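Content type compact mmCIF, C-alpha atoms (C1' of nucleotides), from the file entry.txt:
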```txt
# COMPACT_ATOMS: atom_id res chain seq x y z
CA MET A 1 23.86 3.27 -10.79
CA PHE A 2 25.01 5.70 -8.05
CA GLU A 3 24.58 8.96 -9.96
CA ILE A 4 21.48 10.23 -8.23
CA LEU A 5 22.64 9.23 -4.76
CA HIS A 6 25.95 10.97 -5.37
CA LYS A 7 24.21 14.09 -6.58
CA LYS A 8 21.79 14.14 -3.62
CA VAL A 9 24.52 13.59 -1.06
CA ASN A 10 26.65 16.33 -2.58
CA GLU A 11 23.73 18.72 -2.42
CA THR A 12 23.50 18.38 1.36
CA ILE A 13 27.00 17.78 2.67
CA THR A 14 30.62 17.91 1.52
CA ILE A 15 32.42 14.58 1.26
CA THR A 16 35.56 13.42 -0.48
CA ASP A 17 35.54 11.05 -3.43
CA GLU A 18 37.19 8.43 -1.19
CA GLU A 19 34.38 8.66 1.31
CA PHE A 20 31.75 8.27 -1.36
CA ALA A 21 33.69 5.40 -2.93
CA TYR A 22 33.66 3.72 0.47
CA ALA A 23 29.95 4.32 0.84
CA LYS A 24 29.33 2.69 -2.53
CA THR A 25 30.80 -0.58 -1.29
CA LEU A 26 28.10 -0.75 1.42
CA PHE A 27 25.11 -0.59 -0.88
CA VAL A 28 23.54 -3.45 -2.79
CA PRO A 29 22.06 -2.46 -6.18
CA LYS A 30 18.79 -4.11 -7.03
CA LYS A 31 16.32 -3.87 -9.86
CA LEU A 32 12.69 -4.30 -8.95
CA ARG A 33 10.05 -4.81 -11.60
CA LYS A 34 6.67 -3.15 -11.53
CA LYS A 35 4.18 -4.79 -9.12
CA ARG A 36 6.95 -6.61 -7.23
CA PHE A 37 7.38 -6.06 -3.51
CA LEU A 38 10.42 -4.83 -1.64
CA LEU A 39 8.75 -5.45 1.73
CA GLU A 40 5.57 -7.23 2.82
CA ASP A 41 3.85 -6.70 6.14
CA GLY A 42 4.85 -9.24 8.74
CA GLU A 43 8.44 -9.30 7.53
CA VAL A 44 11.25 -7.38 9.18
CA CYS A 45 12.49 -4.46 7.09
CA MET A 46 16.10 -5.47 6.46
CA TYR A 47 17.13 -2.53 4.28
CA THR A 48 16.82 1.13 3.98
CA THR A 49 16.55 1.90 0.30
CA PHE A 50 17.47 4.71 -2.02
CA VAL A 51 15.50 5.09 -5.24
CA GLU A 52 17.88 5.70 -8.16
CA LYS A 53 15.13 5.33 -10.70
CA GLY A 54 11.47 4.43 -10.79
CA LEU A 55 8.63 4.80 -8.33
CA LEU A 56 7.47 2.86 -5.27
CA ARG A 57 4.77 3.19 -2.68
CA SER A 58 4.74 2.19 0.97
CA PHE A 59 1.34 1.44 2.44
CA THR A 60 -0.55 -0.37 5.18
CA ILE A 61 -3.67 -2.47 4.90
CA ASP A 62 -6.26 -2.04 7.66
CA ASP A 63 -8.71 -4.60 9.14
CA LYS A 64 -11.30 -3.82 6.49
CA GLY A 65 -8.77 -4.43 3.74
CA ASN A 66 -8.39 -0.79 2.82
CA GLU A 67 -4.97 0.44 1.79
CA HIS A 68 -3.43 3.62 3.19
CA ILE A 69 -0.41 5.09 1.50
CA LEU A 70 2.30 6.60 3.66
CA GLN A 71 4.62 7.57 0.89
CA PHE A 72 5.36 7.54 -2.80
CA GLY A 73 9.09 6.89 -3.19
CA MET A 74 10.30 8.74 -6.27
CA GLN A 75 13.74 9.09 -7.77
CA GLY A 76 16.17 10.53 -5.22
CA TRP A 77 14.07 9.53 -2.22
CA TRP A 78 14.52 6.96 0.48
CA VAL A 79 11.95 4.30 1.30
CA GLY A 80 11.68 1.69 4.02
CA ASP A 81 10.06 1.16 7.38
CA LEU A 82 12.40 2.98 9.75
CA TYR A 83 10.83 1.50 12.87
CA SER A 84 11.12 -2.10 11.74
CA PHE A 85 14.58 -1.44 10.31
CA LEU A 86 15.85 -0.02 13.60
CA THR A 87 14.15 -2.35 16.06
CA GLY A 88 14.03 -5.57 14.07
CA GLU A 89 10.31 -5.93 14.78
CA ALA A 90 7.89 -7.07 12.10
CA SER A 91 6.74 -4.34 9.78
CA GLU A 92 3.14 -3.31 9.15
CA TYR A 93 4.07 -1.78 5.84
CA ASN A 94 4.17 -3.06 2.30
CA ILE A 95 6.50 -1.53 -0.25
CA GLU A 96 5.69 -2.13 -3.89
CA ALA A 97 7.19 -0.92 -7.15
CA LEU A 98 4.72 1.11 -9.23
CA GLU A 99 7.22 1.28 -12.09
CA ASP A 100 10.30 -0.76 -12.97
CA SER A 101 12.83 0.61 -10.50
CA GLU A 102 16.53 0.69 -9.72
CA LEU A 103 17.31 0.66 -6.04
CA LEU A 104 20.27 0.88 -3.71
CA LEU A 105 19.79 -1.20 -0.55
CA ILE A 106 21.78 -0.89 2.63
CA THR A 107 21.53 -3.26 5.58
CA LYS A 108 21.57 -2.10 9.17
CA PRO A 109 25.14 -3.27 9.89
CA SER A 110 26.38 -1.47 6.79
CA TRP A 111 24.39 1.60 7.63
CA ASN A 112 25.87 1.70 11.13
CA LEU A 113 29.31 1.26 9.66
CA LEU A 114 28.71 4.14 7.29
CA LEU A 115 27.54 6.40 10.12
CA ASP A 116 30.53 5.45 12.28
CA GLU A 117 33.20 5.67 9.61
CA VAL A 118 31.99 8.73 7.76
CA PRO A 119 30.63 11.39 10.13
CA ALA A 120 29.51 13.43 7.14
CA PHE A 121 26.92 10.72 6.48
CA GLU A 122 25.64 11.07 10.03
CA ARG A 123 24.95 14.68 9.12
CA TYR A 124 23.50 13.75 5.75
CA PHE A 125 20.97 11.46 7.38
CA ARG A 126 20.19 13.97 10.11
CA ILE A 127 19.34 16.57 7.48
CA LEU A 128 17.47 14.07 5.34
CA ILE A 129 15.31 12.92 8.23
CA GLN A 130 14.87 16.49 9.37
CA ASN A 131 13.42 17.51 6.02
CA ASN A 132 11.27 14.44 5.98
CA LEU A 133 9.96 15.31 9.45
CA ILE A 134 9.10 18.83 8.36
CA ALA A 135 7.23 17.50 5.33
CA THR A 136 5.41 14.85 7.37
CA GLN A 137 4.36 17.39 10.00
CA ARG A 138 2.97 19.58 7.25
CA ARG A 139 1.04 16.73 5.75
CA LEU A 140 -0.31 15.82 9.17
CA MET A 141 -1.50 19.35 9.87
CA CYS A 142 -3.03 19.50 6.42
CA THR A 143 -4.83 16.22 7.03
CA ILE A 144 -6.16 17.43 10.37
CA SER A 145 -7.28 20.84 9.21
CA ALA A 146 -8.02 20.86 5.48
CA THR A 147 -10.81 19.41 3.34
CA ALA A 148 -10.24 16.55 0.93
CA GLU A 149 -10.26 18.98 -1.97
CA GLU A 150 -7.58 21.14 -0.38
CA ARG A 151 -5.43 18.10 0.31
CA TYR A 152 -5.81 16.95 -3.29
CA SER A 153 -4.89 20.37 -4.70
CA LYS A 154 -1.87 20.51 -2.42
CA LEU A 155 -0.71 17.09 -3.58
CA LEU A 156 -0.98 18.10 -7.23
CA LYS A 157 0.95 21.27 -6.46
CA ASP A 158 3.69 19.41 -4.57
CA PHE A 159 3.97 16.59 -7.12
CA PRO A 160 2.69 17.83 -10.46
CA ASP A 161 3.47 14.61 -12.30
CA ILE A 162 1.93 12.27 -9.74
CA SER A 163 -1.47 12.05 -11.43
CA GLN A 164 0.17 10.87 -14.66
CA ARG A 165 2.19 8.23 -12.88
CA VAL A 166 -0.12 6.63 -10.34
CA PRO A 167 -3.76 5.52 -10.54
CA GLN A 168 -6.34 7.72 -8.87
CA HIS A 169 -7.39 5.20 -6.29
CA MET A 170 -3.86 5.35 -4.86
CA ILE A 171 -3.93 9.10 -4.77
CA ALA A 172 -7.21 8.80 -2.92
CA SER A 173 -5.68 6.50 -0.35
CA TYR A 174 -2.75 8.90 0.05
CA ILE A 175 -4.95 11.87 0.86
CA GLY A 176 -7.20 9.75 3.04
CA VAL A 177 -10.47 9.48 1.10
CA THR A 178 -12.18 6.76 -0.88
CA ARG A 179 -11.71 6.46 -4.61
CA GLU A 180 -15.37 7.41 -5.13
CA THR A 181 -14.96 10.65 -3.19
CA LEU A 182 -11.86 11.61 -5.16
CA SER A 183 -13.62 10.82 -8.43
CA ARG A 184 -16.52 13.11 -7.53
CA LEU A 185 -14.14 15.77 -6.26
CA ARG A 186 -12.36 15.81 -9.59
CA SER A 187 -15.50 16.21 -11.64
CA GLN A 188 -16.64 19.04 -9.35
CA MET A 189 -13.26 20.75 -9.72
CA ILE A 190 -13.42 20.51 -13.49
CA SER A 191 -16.97 21.82 -13.80
CA GLY A 192 -16.74 24.39 -11.01
CA ASN A 193 -13.60 26.03 -12.42
CA MET B 1 18.28 23.01 35.42
CA PHE B 2 20.05 20.60 33.02
CA GLU B 3 19.17 17.33 34.76
CA ILE B 4 16.57 16.06 32.32
CA LEU B 5 18.53 17.08 29.24
CA HIS B 6 21.60 15.35 30.63
CA LYS B 7 19.62 12.22 31.36
CA LYS B 8 17.97 12.17 27.94
CA VAL B 9 21.23 12.74 26.08
CA ASN B 10 22.95 9.99 28.07
CA GLU B 11 20.16 7.61 27.21
CA THR B 12 20.82 7.99 23.49
CA ILE B 13 24.54 8.59 23.05
CA THR B 14 27.78 8.46 25.04
CA ILE B 15 29.44 11.78 25.72
CA THR B 16 32.09 12.92 28.16
CA ASP B 17 31.37 15.29 31.04
CA GLU B 18 33.50 17.90 29.28
CA GLU B 19 31.38 17.67 26.17
CA PHE B 20 28.19 18.08 28.13
CA ALA B 21 29.69 20.93 30.13
CA TYR B 22 30.48 22.61 26.82
CA ALA B 23 26.96 22.01 25.57
CA LYS B 24 25.56 23.65 28.71
CA THR B 25 27.29 26.91 27.85
CA LEU B 26 25.33 27.09 24.59
CA PHE B 27 21.84 26.93 26.09
CA VAL B 28 19.89 29.79 27.61
CA PRO B 29 17.64 28.75 30.51
CA LYS B 30 14.26 30.41 30.58
CA LYS B 31 11.18 30.15 32.76
CA LEU B 32 7.89 30.60 31.00
CA ARG B 33 4.68 31.10 32.98
CA LYS B 34 1.43 29.44 32.08
CA LYS B 35 -0.43 31.11 29.17
CA ARG B 36 2.72 32.90 28.01
CA PHE B 37 4.03 32.39 24.48
CA LEU B 38 7.43 31.17 23.36
CA LEU B 39 6.62 31.83 19.71
CA GLU B 40 3.80 33.60 17.90
CA ASP B 41 2.92 33.10 14.26
CA GLY B 42 4.50 35.65 11.96
CA GLU B 43 7.70 35.67 14.00
CA VAL B 44 10.82 33.76 13.06
CA CYS B 45 11.52 30.83 15.37
CA MET B 46 14.87 31.83 16.87
CA TYR B 47 15.34 28.88 19.20
CA THR B 48 14.97 25.20 19.39
CA THR B 49 13.82 24.44 22.90
CA PHE B 50 14.16 21.61 25.37
CA VAL B 51 11.47 21.25 28.04
CA GLU B 52 13.11 20.60 31.42
CA LYS B 53 9.83 20.94 33.24
CA GLY B 54 6.25 21.86 32.46
CA LEU B 55 4.09 21.52 29.38
CA LEU B 56 3.70 23.48 26.17
CA ARG B 57 1.69 23.17 23.00
CA SER B 58 2.52 24.18 19.45
CA PHE B 59 -0.41 24.95 17.21
CA THR B 60 -1.59 26.77 14.11
CA ILE B 61 -4.68 28.89 13.64
CA ASP B 62 -6.55 28.50 10.35
CA ASP B 63 -8.55 31.06 8.34
CA LYS B 64 -11.70 30.31 10.29
CA GLY B 65 -9.91 30.87 13.58
CA ASN B 66 -9.76 27.22 14.53
CA GLU B 67 -6.70 25.96 16.35
CA HIS B 68 -4.88 22.79 15.32
CA ILE B 69 -2.35 21.31 17.70
CA LEU B 70 0.79 19.79 16.21
CA GLN B 71 2.39 18.80 19.47
CA PHE B 72 2.23 18.81 23.23
CA GLY B 73 5.75 19.47 24.51
CA MET B 74 6.19 17.58 27.75
CA GLN B 75 9.17 17.21 30.04
CA GLY B 76 12.14 15.79 28.16
CA TRP B 77 10.81 16.79 24.73
CA TRP B 78 11.90 19.39 22.24
CA VAL B 79 9.61 22.05 20.84
CA GLY B 80 9.99 24.67 18.14
CA ASP B 81 9.23 25.21 14.49
CA LEU B 82 12.06 23.39 12.72
CA TYR B 83 11.27 24.89 9.35
CA SER B 84 11.28 28.48 10.52
CA PHE B 85 14.31 27.81 12.73
CA LEU B 86 16.32 26.40 9.83
CA THR B 87 15.27 28.73 7.04
CA GLY B 88 14.69 31.96 8.93
CA GLU B 89 11.24 32.32 7.39
CA ALA B 90 8.24 33.48 9.42
CA SER B 91 6.57 30.72 11.40
CA GLU B 92 2.93 29.71 11.14
CA TYR B 93 3.03 28.18 14.58
CA ASN B 94 2.29 29.42 18.05
CA ILE B 95 3.94 27.87 21.07
CA GLU B 96 2.29 28.47 24.41
CA ALA B 97 2.96 27.24 27.94
CA LEU B 98 0.08 25.22 29.35
CA GLU B 99 1.83 25.01 32.74
CA ASP B 100 4.62 27.03 34.35
CA SER B 101 7.65 25.68 32.53
CA GLU B 102 11.42 25.59 32.65
CA LEU B 103 13.06 25.64 29.25
CA LEU B 104 16.49 25.45 27.67
CA LEU B 105 16.77 27.53 24.52
CA ILE B 106 19.46 27.23 21.90
CA THR B 107 19.94 29.62 18.97
CA LYS B 108 20.82 28.47 15.50
CA PRO B 109 24.46 29.65 15.65
CA SER B 110 24.91 27.83 18.96
CA TRP B 111 23.19 24.75 17.66
CA ASN B 112 25.45 24.67 14.61
CA LEU B 113 28.45 25.10 16.88
CA LEU B 114 27.29 22.21 19.01
CA LEU B 115 26.85 19.96 15.98
CA ASP B 116 30.26 20.92 14.60
CA GLU B 117 32.22 20.69 17.83
CA VAL B 118 30.59 17.62 19.33
CA PRO B 119 29.82 14.96 16.70
CA ALA B 120 28.02 12.90 19.32
CA PHE B 121 25.36 15.64 19.34
CA GLU B 122 24.97 15.30 15.60
CA ARG B 123 24.09 11.69 16.30
CA TYR B 124 21.86 12.61 19.23
CA PHE B 125 19.80 14.92 17.06
CA ARG B 126 19.70 12.42 14.22
CA ILE B 127 18.23 9.80 16.56
CA LEU B 128 15.90 12.30 18.20
CA ILE B 129 14.50 13.47 14.88
CA GLN B 130 14.34 9.89 13.64
CA ASN B 131 12.13 8.88 16.57
CA ASN B 132 10.03 11.95 16.09
CA LEU B 133 9.60 11.09 12.41
CA ILE B 134 8.48 7.56 13.27
CA ALA B 135 5.94 8.90 15.77
CA THR B 136 4.67 11.54 13.36
CA GLN B 137 4.28 9.00 10.54
CA ARG B 138 2.24 6.83 12.88
CA ARG B 139 0.04 9.68 13.88
CA LEU B 140 -0.45 10.59 10.23
CA MET B 141 -1.44 7.06 9.27
CA CYS B 142 -3.78 6.92 12.25
CA THR B 143 -5.35 10.24 11.21
CA ILE B 144 -5.83 9.01 7.65
CA SER B 145 -7.23 5.62 8.52
CA ALA B 146 -8.86 5.62 11.97
CA THR B 147 -12.08 7.09 13.35
CA ALA B 148 -12.09 9.94 15.85
CA GLU B 149 -12.81 7.48 18.65
CA GLU B 150 -9.84 5.30 17.71
CA ARG B 151 -7.57 8.32 17.56
CA TYR B 152 -8.79 9.47 20.97
CA SER B 153 -8.24 6.04 22.53
CA LYS B 154 -4.77 5.89 21.05
CA LEU B 155 -3.90 9.29 22.48
CA LEU B 156 -5.04 8.24 25.95
CA LYS B 157 -3.00 5.08 25.67
CA ASP B 158 0.13 6.89 24.49
CA PHE B 159 -0.18 9.72 27.04
CA PRO B 160 -2.23 8.48 29.99
CA ASP B 161 -1.89 11.71 31.98
CA ILE B 162 -2.75 14.05 29.13
CA SER B 163 -6.46 14.28 29.98
CA GLN B 164 -5.62 15.42 33.51
CA ARG B 165 -3.24 18.08 32.28
CA VAL B 166 -4.86 19.70 29.26
CA PRO B 167 -8.41 20.83 28.61
CA GLN B 168 -10.53 18.65 26.37
CA HIS B 169 -10.99 21.19 23.64
CA MET B 170 -7.23 21.05 23.08
CA ILE B 171 -7.27 17.28 22.94
CA ALA B 172 -10.02 17.63 20.35
CA SER B 173 -7.91 19.94 18.26
CA TYR B 174 -4.97 17.52 18.53
CA ILE B 175 -6.94 14.57 17.20
CA GLY B 176 -8.59 16.73 14.57
CA VAL B 177 -12.23 17.00 15.66
CA THR B 178 -14.35 19.74 17.21
CA ARG B 179 -14.79 19.97 20.97
CA GLU B 180 -18.47 19.04 20.60
CA THR B 181 -17.62 15.83 18.77
CA LEU B 182 -15.07 14.84 21.41
CA SER B 183 -17.54 15.59 24.17
CA ARG B 184 -20.17 13.33 22.58
CA LEU B 185 -17.56 10.68 21.90
CA ARG B 186 -16.62 10.61 25.55
CA SER B 187 -20.16 10.19 26.80
CA GLN B 188 -20.73 7.40 24.28
CA MET B 189 -17.56 5.67 25.41
CA ILE B 190 -18.58 5.90 29.07
CA SER B 191 -22.10 4.58 28.51
CA GLY B 192 -21.16 2.04 25.83
CA ASN B 193 -18.40 0.63 28.09
C1' DA C 1 -10.69 -13.70 -29.68
C1' DA C 2 -12.80 -14.45 -25.24
C1' DG C 3 -12.61 -13.84 -20.65
C1' DA C 4 -10.61 -11.85 -16.55
C1' DT C 5 -8.73 -8.05 -14.21
C1' DT C 6 -8.03 -3.18 -13.23
C1' DG C 7 -9.25 1.53 -13.19
C1' DT C 8 -12.77 4.90 -13.22
C1' DG C 9 -17.45 7.06 -13.05
C1' DT C 10 -21.92 7.72 -10.91
C1' DG C 11 -26.50 7.11 -8.54
C1' DA C 12 -28.95 6.20 -4.00
C1' DC C 13 -28.53 6.08 0.51
C1' DA C 14 -26.18 5.93 5.25
C1' DT C 15 -23.37 8.07 8.70
C1' DA C 16 -19.68 10.52 11.12
C1' DG C 17 -18.62 14.68 12.27
C1' DA C 18 -19.41 19.95 11.86
C1' DT C 19 -22.07 23.88 12.99
C1' DC C 20 -24.91 26.77 15.72
C1' DA C 21 -27.37 27.68 19.70
C1' DC C 22 -27.99 27.49 24.39
C1' DC C 23 -27.14 25.95 29.12
C1' DT C 24 -24.58 24.76 33.40
C1' DC C 25 -20.67 24.61 36.34
C1' DC C 26 -16.45 26.60 38.27
C1' DA C 27 -12.71 29.46 39.13
C1' DT C 28 -10.99 34.13 39.06
C1' DT C 29 -11.45 38.94 39.40
C1' DT C 30 -13.45 43.10 41.18
C1' DA D 1 -21.30 38.87 46.68
C1' DA D 2 -21.62 39.90 41.94
C1' DA D 3 -19.64 39.62 37.58
C1' DT D 4 -16.77 37.64 34.14
C1' DG D 5 -14.69 34.15 31.33
C1' DG D 6 -13.28 29.49 30.39
C1' DA D 7 -14.57 24.75 30.07
C1' DG D 8 -17.68 21.40 28.97
C1' DG D 9 -22.34 19.20 27.86
C1' DT D 10 -26.27 18.59 24.64
C1' DG D 11 -30.09 19.26 21.18
C1' DA D 12 -31.28 20.32 16.24
C1' DT D 13 -29.77 20.56 12.09
C1' DC D 14 -26.43 20.41 7.96
C1' DT D 15 -22.78 18.55 5.08
C1' DA D 16 -18.86 16.01 3.60
C1' DT D 17 -17.58 11.69 2.98
C1' DG D 18 -18.36 6.62 3.13
C1' DT D 19 -20.83 2.55 1.45
C1' DC D 20 -22.94 -0.33 -1.83
C1' DA D 21 -24.29 -1.26 -6.33
C1' DC D 22 -23.77 -1.22 -11.05
C1' DA D 23 -21.79 0.26 -15.62
C1' DC D 24 -18.18 0.72 -18.85
C1' DA D 25 -13.67 1.07 -20.93
C1' DA D 26 -8.93 -0.42 -21.27
C1' DT D 27 -5.59 -3.78 -20.49
C1' DC D 28 -3.74 -8.16 -19.54
C1' DT D 29 -4.03 -13.32 -19.91
C1' DT D 30 -4.92 -17.71 -21.81
```

Can you turn what I pasted into structure tokens?
Amino acid sequence: MFEILHKKVNETITITDEEFAYAKTLFVPKKLRKKRFLLEDGEVCMYTTFVEKGLLRSFTIDDKGNEHILQFGMQGWWVGDLYSFLTGEASEYNIEALEDSELLLITKPSWNLLLDEVPAFERYFRILIQNNLIATQRRLMCTISATAEERYSKLLKDFPDISQRVPQHMIASYIGVTRETLSRLRSQMISGN
Amino acid sequence: MFEILHKKVNETITITDEEFAYAKTLFVPKKLRKKRFLLEDGEVCMYTTFVEKGLLRSFTIDDKGNEHILQFGMQGWWVGDLYSFLTGEASEYNIEALEDSELLLITKPSWNLLLDEVPAFERYFRILIQNNLIATQRRLMCTISATAEERYSKLLKDFPDISQRVPQHMIASYIGVTRETLSRLRSQMISGN
DNA sequence: AAGATTGTGTGACATAGATCACCTCCATTT
DNA sequence: AAATGGAGGTGATCTATGTCACACAATCTT
């Protein structure tokens, strides 16, 4: 149940087996079936979550009822609403399993304990968040400056298996267009190349 | 020269005077006059930079010659291209002073030293980057889901003095529209309330 | 098996925002 | 004082994308 987390942590920092064994005691394993929610908007995000297996999405719903996807959480990634988790305020995000998933949850007290007791984990999270920031900045700049088609191509390049695993209307709401626009885009791309 | 940095660091973590005194030895103070560049695209970003005073912007230039602003770096903020800084690859960003500025630069070796020698700084940067990630995710979601007018209003709300300090065409390129569109938006907003 | 739900495609039209062209207003330089 | 360049406003179009409506297939549900 902790294989992927162990592997990921070892890729970024060096820790002893004792330290990792200690870390393991702070996580709560959880299985989440497809279409079930880990977080619904209005709730406080009580956990930060590592995806051992499966696929999730975190998204908001706007006033018109349209969904906007912040993130697909794949194996080896972290999901959660950092802001709500840290401040204890109600979240605006929903997190839903798109496939049957195996998760490792950690509460805020446990997370703080981990950061205090094992400085290497402080570094692990700094690097993790750092990489996430770089990726998010890139996506932001791409969203500001590129066309829908460019954003779609980039997504397929970054996550080649995404279009097999999630329905197109979710991909559309990730790149920030309607499902109709993405559908037309795809047929253009097929015919025009 | 280190007042604001000291204040900001003390707001997030607890460190001793000795630790901060040590940190001070690792930074290089630098004054940068308005319109001068701290980084130009194609160069490697050699420093991560704290803004003690002044205002900078980091931006990219696309194939058509249009500028897209990632960030305004105000007093108390950090600027730089994290990716280029960490990997040593050429940056795609430009960083330019919009006002005469006073900066504190730190090289990668010094930064690593600081993180290794003073664990509290590891935590400081983790929290700093964490807050930056939250803000960037918000801006991304806003860019994906809101209209240009909503994005403009949000910017004014988040940074009330920004419109006095930077020209409108830069605000336009921050929210991801052309200067003409922002200009029309503003006149609509004035007439329509 | 029938009906409901979900995902996708596509036509007709509406609209936000881009593009291009030109103008005015200021501040800076010479 | 004249000349230059940057900033911003505005009209006339053009275009990408959104909206609404309907069709159809593939799954789920009862």

Exercise. Check the smallest atom-to-atom distance from each of C:DC25, C:DA12, C:DA18, C:DA4 to DG9 (chain D) using all atoms listed in the file, then report the winner.
Key: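 Going through C:DC25, C:DA12, C:DA18, C:DA4 one by one, the smallest distance to DG9 (chain D) is for C:DC25.
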
Quiz item: Which distance in Å separates CA of Leu103 (chain A) and CA of Gln168 (chain A), to one decimal?
Solution: 24.8 Å

Quiz item: Near DT19 (chain C), counting all atoms listed in the file, which residues have an atom at most 12 Å away, once you skip same-chain residues fewer than 6 positions from it, shown as an MDAnalysis selection string?
Solution: (chainID B and resid 178:181) or (chainID D and resid 12:15)

Write the residues of the preceding selection, restricted to C-alpha atoms (C1' of nucleotides), as a PDB file, keeping the file's coordinate frame.
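What follows is the written file out_30.pdb:
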```
ATOM      1  CA  THR B 178     -14.350  19.740  17.210  1.00  0.00           C
ATOM      2  CA  ARG B 179     -14.790  19.970  20.970  1.00  0.00           C
ATOM      3  CA  GLU B 180     -18.470  19.040  20.600  1.00  0.00           C
ATOM      4  CA  THR B 181     -17.620  15.830  18.770  1.00  0.00           C
TER       5      THR B 181
ATOM      6  C1'  DA D  12     -31.280  20.320  16.240  1.00  0.00           C
ATOM      7  C1'  DT D  13     -29.770  20.560  12.090  1.00  0.00           C
ATOM      8  C1'  DC D  14     -26.430  20.410   7.960  1.00  0.00           C
ATOM      9  C1'  DT D  15     -22.780  18.550   5.080  1.00  0.00           C
TER      10       DT D  15
END
```

Practice problem: May I have the protein, DNA and RNA residues with any atom at most 7 Å from the point (31.2, 20.9, 22.3), counting all atoms listed in the file, written as a PyMOL selection string? | Solution: chain B and resi 19+22-23+114+117-118

Quiz item: Pick the closest to Leu140 (chain A) from A:Leu104, A:Glu67, A:Thr12, A:Tyr174: which is it, counting all atoms listed in the file?
Solution: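 Comparing A:Leu104, A:Glu67, A:Thr12, A:Tyr174 against Leu140 (chain A), the winner is A:Tyr174.
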
Exercise. Show me which bits of chain D are within 9 Å of chain B, counting only C-alpha atoms (C1' of nucleotides), as number ranges by chain.
Key: D: 7-10

Writer output for current selection, C-alpha atoms (C1' of nucleotides), as a CSV table (one decimal), keeping the file's coordinate frame:
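Written file, part.csv:
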```
chain,number,residue,atom,x,y,z
D,7,DA,C1',-14.6,24.8,30.1
D,8,DG,C1',-17.7,21.4,29.0
D,9,DG,C1',-22.3,19.2,27.9
D,10,DT,C1',-26.3,18.6,24.6
```

Quiz item: What is the distance, in Å and to one decimal place, between CA of Gly42 (chain A) and CA of Asp63 (chain A)?
Solution: 14.3 Å

Quiz item: What's the 9 Å shell around region 143-146 of chain A, counting only C-alpha atoms (C1' of nucleotides), without same-chain residues fewer than 3 positions away, as a ChimeraX atom specification?
Solution: /A:138-140,149-151,175-176 /B:62,66-68,140,143-144,173-177

List every residue of chain B that has an atom at most 7 Å from any atom of chain A, giving for each one its closest atom pair and the distance in Å to one decimal, counting all atoms listed in the file, sorted by chain and then by ascending residue number, as a tab-separated table.
```
residue	atom	partner	partner_atom	distance
B:His68	CA	A:Ser145	CA	6.8
B:Leu70	CA	A:Met141	CA	6.8
B:Leu82	CA	A:Ile134	CA	7.0
B:Tyr83	CA	A:Ile134	CA	6.5
B:Glu122	CA	A:Arg123	CA	6.5
B:Arg123	CA	A:Glu122	CA	6.5
B:Arg126	CA	A:Arg126	CA	4.4
B:Ile129	CA	A:Gln130	CA	6.3
B:Gln130	CA	A:Ile129	CA	6.3
B:Leu133	CA	A:Leu133	CA	5.2
B:Ile134	CA	A:Tyr83	CA	6.5
B:Thr136	CA	A:Gln137	CA	6.8
B:Gln137	CA	A:Thr136	CA	6.7
B:Leu140	CA	A:Leu140	CA	5.3
B:Met141	CA	A:Leu70	CA	6.8
B:Ile144	CA	A:Gly176	CA	4.9
B:Ser145	CA	A:His68	CA	6.8
B:Gly176	CA	A:Ile144	CA	4.9
```

Selected residues written out with C-alpha atoms, as a PDB file, in the coordinates of the input:
```pdb
ATOM      1  CA  HIS B  68      -4.880  22.790  15.320  1.00  0.00           C
ATOM      2  CA  LEU B  70       0.790  19.790  16.210  1.00  0.00           C
ATOM      3  CA  LEU B  82      12.060  23.390  12.720  1.00  0.00           C
ATOM      4  CA  TYR B  83      11.270  24.890   9.350  1.00  0.00           C
ATOM      5  CA  GLU B 122      24.970  15.300  15.600  1.00  0.00           C
ATOM      6  CA  ARG B 123      24.090  11.690  16.300  1.00  0.00           C
ATOM      7  CA  ARG B 126      19.700  12.420  14.220  1.00  0.00           C
ATOM      8  CA  ILE B 129      14.500  13.470  14.880  1.00  0.00           C
ATOM      9  CA  GLN B 130      14.340   9.890  13.640  1.00  0.00           C
ATOM     10  CA  LEU B 133       9.600  11.090  12.410  1.00  0.00           C
ATOM     11  CA  ILE B 134       8.480   7.560  13.270  1.00  0.00           C
ATOM     12  CA  THR B 136       4.670  11.540  13.360  1.00  0.00           C
ATOM     13  CA  GLN B 137       4.280   9.000  10.540  1.00  0.00           C
ATOM     14  CA  LEU B 140      -0.450  10.590  10.230  1.00  0.00           C
ATOM     15  CA  MET B 141      -1.440   7.060   9.270  1.00  0.00           C
ATOM     16  CA  ILE B 144      -5.830   9.010   7.650  1.00  0.00           C
ATOM     17  CA  SER B 145      -7.230   5.620   8.520  1.00  0.00           C
ATOM     18  CA  GLY B 176      -8.590  16.730  14.570  1.00  0.00           C
TER      19      GLY B 176
END
```

Quiz item: Can you list, as a PyMOL selection string, every protein, DNA or RNA residue that comes within 10 Å of DA16 (chain C) when you count all atoms listed in the file, leaving out same-chain residues fewer than 5 positions away?
Solution: (chain B and resi 147-148+181) or (chain D and resi 16-18)

Practice problem: Between CA of Gln75 (chain B) and CA of Phe50 (chain B), measure the distance and give it in Å to one decimal. | Solution: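 CA of Gln75 (chain B) sits 8.1 Å away from CA of Phe50 (chain B).
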
Cut-off 8 Å: closest chain C/chain A atom pairs per residue, using all atoms listed in the file, as a Markdown table:
```
| residue | atom | partner | partner_atom | distance |
| --- | --- | --- | --- | --- |
| C:DG7 | C1' | A:Pro167 | CA | 7.3 |
| C:DT8 | C1' | A:Ser183 | CA | 7.7 |
| C:DG9 | C1' | A:Ser183 | CA | 7.1 |
```
